[in-house]
$ cat start.pdb   # PDB, C-alpha atoms
ATOM      1  CA  MET A  19       0.000   0.000   0.000
ATOM      2  CA  GLY A  20       2.842   2.374   0.630
ATOM      3  CA  SER A  21       4.428   2.335  -2.869
ATOM      4  CA  GLY A  22       1.977   4.692  -4.538
ATOM      5  CA  ASN A  23       1.911   2.653  -7.786
ATOM      6  CA  PRO A  24      -1.514   1.456  -8.825
ATOM      7  CA  GLU A  25      -2.002  -2.298  -8.754
ATOM      8  CA  PRO A  26      -2.346  -3.827 -12.222
ATOM      9  CA  THR A  27      -5.862  -5.000 -12.908
ATOM     10  CA  GLY A  28      -7.229  -7.156 -15.670
ATOM     11  CA  ASP A  29      -7.478 -10.725 -16.727
ATOM     12  CA  ARG A  30      -3.760 -11.442 -16.916
ATOM     13  CA  PRO A  31      -1.150 -10.560 -14.304
ATOM     14  CA  GLY A  32       0.835  -7.471 -15.167
ATOM     15  CA  THR A  33      -1.767  -5.958 -17.508
ATOM     16  CA  ARG A  34      -4.079  -3.010 -17.052
ATOM     17  CA  ARG A  35      -7.645  -2.752 -18.233
ATOM     18  CA  GLY A  36      -8.143  -0.801 -21.377
ATOM     19  CA  VAL A  37      -4.607  -1.479 -22.679
ATOM     20  CA  ARG A  38      -4.641  -3.683 -25.759
ATOM     21  CA  ARG A  39      -1.880  -5.141 -27.823
ATOM     22  CA  PRO A  40      -1.906  -4.497 -31.532
ATOM     23  CA  PRO A  41      -2.973  -7.478 -33.656
ATOM     24  CA  PRO A  42      -0.172  -9.631 -35.078
ATOM     25  CA  THR A  43       1.157  -8.433 -38.415
ATOM     26  CA  VAL A  44       2.383 -11.819 -39.699
ATOM     27  CA  VAL A  45      -0.147 -14.580 -40.205
ATOM     28  CA  THR A  46       0.890 -18.122 -41.084
ATOM     29  CA  ALA A  47      -0.764 -19.088 -44.339
ATOM     30  CA  GLY A  48      -0.062 -22.819 -44.133
ATOM     31  CA  THR A  49       2.604 -25.450 -43.995
ATOM     32  CA  ALA A  50       3.992 -27.620 -46.726
ATOM     33  CA  ARG A  51       2.638 -31.146 -47.034
ATOM     34  CA  PRO A  52       5.220 -33.864 -46.279
ATOM     35  CA  GLU A  53       6.906 -35.429 -49.263
ATOM     36  CA  GLY A  54       4.608 -38.253 -50.418
ATOM     37  CA  GLY A  55       1.724 -36.918 -48.344
ATOM     38  CA  GLY A  56      -0.800 -36.863 -51.187
ATOM     39  CA  ARG A  57      -3.612 -39.320 -51.612
ATOM     40  CA  ALA A  58      -2.590 -42.936 -52.071
ATOM     41  CA  ALA A  59      -5.443 -43.475 -54.550
ATOM     42  CA  ALA A  60      -7.431 -41.272 -56.909
ATOM     43  CA  GLY A  61      -9.693 -38.590 -55.460
ATOM     44  CA  ASP A  62     -12.853 -40.324 -56.694
ATOM     45  CA  ALA A  63     -11.989 -43.501 -54.719
ATOM     46  CA  PRO A  64     -13.746 -44.042 -51.378
ATOM     47  CA  ALA A  65     -11.997 -42.653 -48.299
ATOM     48  CA  PRO A  66     -10.559 -45.975 -47.014
ATOM     49  CA  ALA A  67      -9.046 -46.747 -50.411
ATOM     50  CA  ARG A  68      -7.309 -43.370 -50.474
ATOM     51  CA  GLN A  69      -5.499 -44.196 -47.224
ATOM     52  CA  TRP A  70      -4.689 -47.880 -47.802
ATOM     53  CA  PRO A  71      -1.033 -47.678 -46.606
ATOM     54  CA  LEU A  72      -2.087 -46.307 -43.234
ATOM     55  CA  LEU A  73      -4.876 -48.873 -42.971
ATOM     56  CA  VAL A  74      -2.434 -51.719 -43.659
ATOM     57  CA  VAL A  75      -0.141 -50.531 -40.850
ATOM     58  CA  LEU A  76      -3.024 -49.955 -38.431
ATOM     59  CA  CYS A  77      -4.641 -53.332 -39.165
ATOM     60  CA  LEU A  78      -1.357 -55.191 -38.673
ATOM     61  CA  ALA A  79      -0.653 -53.347 -35.405
ATOM     62  CA  GLY A  80      -4.256 -53.941 -34.291
ATOM     63  CA  ALA A  81      -3.898 -57.652 -35.014
ATOM     64  CA  GLY A  82      -0.765 -57.704 -32.861
ATOM     65  CA  LEU A  83      -2.549 -55.947 -30.003
ATOM     66  CA  LEU A  84      -5.477 -58.359 -30.346
ATOM     67  CA  VAL A  85      -3.123 -61.345 -30.097
ATOM     68  CA  VAL A  86      -1.531 -59.867 -26.976
ATOM     69  CA  GLY A  87      -4.888 -58.942 -25.456
ATOM     70  CA  THR A  88      -6.571 -62.306 -25.956
ATOM     71  CA  ASP A  89      -3.567 -64.294 -24.666
ATOM     72  CA  ALA A  90      -4.793 -67.298 -26.668
ATOM     73  CA  PHE A  91      -1.563 -69.314 -26.603
ATOM     74  CA  PRO A  92       1.616 -69.449 -24.493
ATOM     75  CA  GLN A  93       3.777 -67.159 -26.653
ATOM     76  CA  SER A  94       1.025 -64.690 -27.617
ATOM     77  CA  PHE A  95       2.813 -61.729 -26.016
ATOM     78  CA  ARG A  96       5.901 -62.379 -28.109
ATOM     79  CA  VAL A  97       3.983 -62.988 -31.353
ATOM     80  CA  GLY A  98       1.768 -59.932 -30.833
ATOM     81  CA  ALA A  99       4.756 -57.682 -30.164
ATOM     82  CA  ILE A 100       6.459 -59.022 -33.302
ATOM     83  CA  LEU A 101       3.317 -58.153 -35.289
ATOM     84  CA  VAL A 102       3.364 -54.582 -33.931
ATOM     85  CA  GLY A 103       7.044 -54.243 -34.853
ATOM     86  CA  ALA A 104       6.367 -55.754 -38.273
ATOM     87  CA  ALA A 105       3.632 -53.147 -38.809
ATOM     88  CA  LEU A 106       6.161 -50.365 -38.258
ATOM     89  CA  LEU A 107       8.688 -52.080 -40.515
ATOM     90  CA  ALA A 108       5.994 -52.403 -43.204
ATOM     91  CA  GLY A 109       5.325 -48.674 -42.804
ATOM     92  CA  ALA A 110       9.019 -47.952 -43.352
ATOM     93  CA  VAL A 111       9.103 -50.122 -46.477
ATOM     94  CA  MET A 112       5.927 -48.541 -47.868
ATOM     95  CA  ARG A 113       7.286 -45.069 -47.133
ATOM     96  CA  ARG A 114      10.341 -45.940 -49.253
ATOM     97  CA  VAL A 115       8.640 -47.797 -52.103
ATOM     98  CA  VAL A 116       5.177 -46.249 -52.554
ATOM     99  CA  PRO A 117       5.329 -42.748 -54.075
ATOM    100  CA  SER A 118       2.232 -41.444 -52.284
ATOM    101  CA  VAL A 119       1.275 -42.943 -48.923
ATOM    102  CA  GLY A 120      -1.418 -40.547 -47.738
ATOM    103  CA  MET A 121      -1.546 -39.925 -44.005
ATOM    104  CA  LEU A 122       1.310 -42.343 -43.361
ATOM    105  CA  ALA A 123       3.578 -39.459 -44.428
ATOM    106  CA  VAL A 124       4.158 -37.381 -41.309
ATOM    107  CA  ARG A 125       7.618 -35.927 -41.849
ATOM    108  CA  SER A 126      10.082 -36.089 -44.718
ATOM    109  CA  ARG A 127      10.512 -39.450 -46.442
ATOM    110  CA  PHE A 128      13.957 -40.030 -44.904
ATOM    111  CA  THR A 129      12.832 -39.161 -41.364
ATOM    112  CA  ASP A 130       9.734 -41.339 -41.616
ATOM    113  CA  MET A 131      11.750 -44.306 -42.911
ATOM    114  CA  ILE A 132      14.333 -43.985 -40.131
ATOM    115  CA  THR A 133      11.719 -43.491 -37.411
ATOM    116  CA  TYR A 134       9.455 -46.356 -38.502
ATOM    117  CA  GLY A 135      12.396 -48.654 -39.230
ATOM    118  CA  VAL A 136      14.299 -48.093 -35.978
ATOM    119  CA  MET A 137      11.213 -48.326 -33.784
ATOM    120  CA  GLY A 138       9.918 -51.423 -35.605
ATOM    121  CA  GLY A 139      13.329 -53.098 -35.505
ATOM    122  CA  LEU A 140      13.730 -52.424 -31.786
ATOM    123  CA  ILE A 141      10.270 -53.761 -30.982
ATOM    124  CA  VAL A 142      10.918 -56.957 -32.959
ATOM    125  CA  LEU A 143      14.371 -57.355 -31.376
ATOM    126  CA  LEU A 144      13.019 -56.900 -27.864
ATOM    127  CA  ALA A 145      10.129 -59.287 -28.564
ATOM    128  CA  LEU A 146      12.624 -61.942 -29.667
ATOM    129  CA  MET A 147      14.772 -61.410 -26.564
ATOM    130  CA  VAL A 148      12.023 -61.225 -23.915
ATOM    131  CA  GLN A 149      12.346 -63.586 -20.953
ATOM    132  CA  PRO A 150      11.649 -66.404 -20.138
ATOM    133  CA  GLY A 151      12.987 -68.547 -22.929
ATOM    134  CA  PRO A 152      14.151 -65.956 -25.451
ATOM    135  CA  TRP A 153      14.057 -66.918 -29.120
ATOM    136  CA  LEU A 154      17.195 -64.852 -29.725
ATOM    137  CA  ARG A 155      20.254 -64.670 -27.516
ATOM    138  CA  ILE A 156      22.904 -61.999 -27.984
ATOM    139  CA  PRO A 157      25.881 -62.806 -25.724
ATOM    140  CA  PHE A 158      27.256 -59.260 -25.901
ATOM    141  CA  LEU A 159      24.068 -57.846 -24.406
ATOM    142  CA  GLU A 160      23.986 -60.524 -21.712
ATOM    143  CA  ASP A 161      27.549 -59.559 -20.713
ATOM    144  CA  VAL A 162      26.598 -55.888 -20.563
ATOM    145  CA  LEU A 163      23.632 -56.711 -18.356
ATOM    146  CA  HIS A 164      25.816 -58.741 -15.964
ATOM    147  CA  LEU A 165      28.316 -55.890 -15.739
ATOM    148  CA  THR A 166      25.623 -53.340 -14.889
ATOM    149  CA  VAL A 167      23.796 -55.477 -12.311
ATOM    150  CA  THR A 168      26.797 -56.770 -10.350
TER     151      THR A 168
END
$ encode --input "start.pdb" --output "structure tokens"
Amino acid sequence: MGSGNPEPTGDRPGTRRGVRRPPPTVVTAGTARPEGGGRAAAGDAPAPARQWPLLVVLCLAGAGLLVVGTDAFPQSFRVGAILVGAALLAGAVMRRVVPSVGMLAVRSRFTDMITYGVMGGLIVLLALMVQPGPWLRIPFLEDVLHLTVT
């Protein structure tokens, strides 16, 4: 109370009522579509047909999640995880081979291929190495694990 300066009032801290900022002078008009981000089929085709690459990846990943969720057989977790990783690997291959992949194109072609490929490869690798009874043993990684735990 003793400072003599009026307290700021308004909706936001540090602003006074009646003081307005000028409108922005630069307005973003749009962003460029990713390379290969056009329709995967002709415009007169039905909507699902225009996005067939994305649907292939989603259906394969959904099948993997369904296998994991139903737990129908002893190795269903491993098989379902391999299907999810294979879906990402299929996305990487389609991003490289198919000229127009629709909504599967998120970033540049190179970045999408690397992202889908690395993530899919890691998921498949981890699914093959999961305990108990791994289908793939890599002695180097087992040695690293023993060095970090002990």
$ closest_residue --input "start.pdb" --among "A:Gly87, A:Pro92, A:Gly82, A:Pro40" --to "Pro150 of chain A" --atoms "only C-alpha atoms"
A:Pro92
$ atom_distance --input "start.pdb" --atom1 "atom CA of Thr133 of chain A" --atom2 "atom CA of Val162 of chain A"
25.7 Å
$ resolve_selection --input "start.pdb" --expression "the PyMOL selection byres ((chain A and resi 103-113) around 9)" --output "ChimeraX atom specification"
/A:54,71-72,74-79,82,98-102,114-119,122-123,127-128,130-143,145
$ closest_residue --input "start.pdb" --among "A:Pro157, A:Gly120, A:Gly80, A:Gly151" --to "Pro66 of chain A" --atoms "only C-alpha atoms"
A:Gly120
$ atom_distance --input "start.pdb" --atom1 "atom CA of Val124 of chain A" --atom2 "atom CA of Gly55 of chain A"
7.5 Å
$ atom_distance --input "start.pdb" --atom1 "atom CA of Ile156 of chain A" --atom2 "atom CA of Phe95 of chain A"
20.2 Å
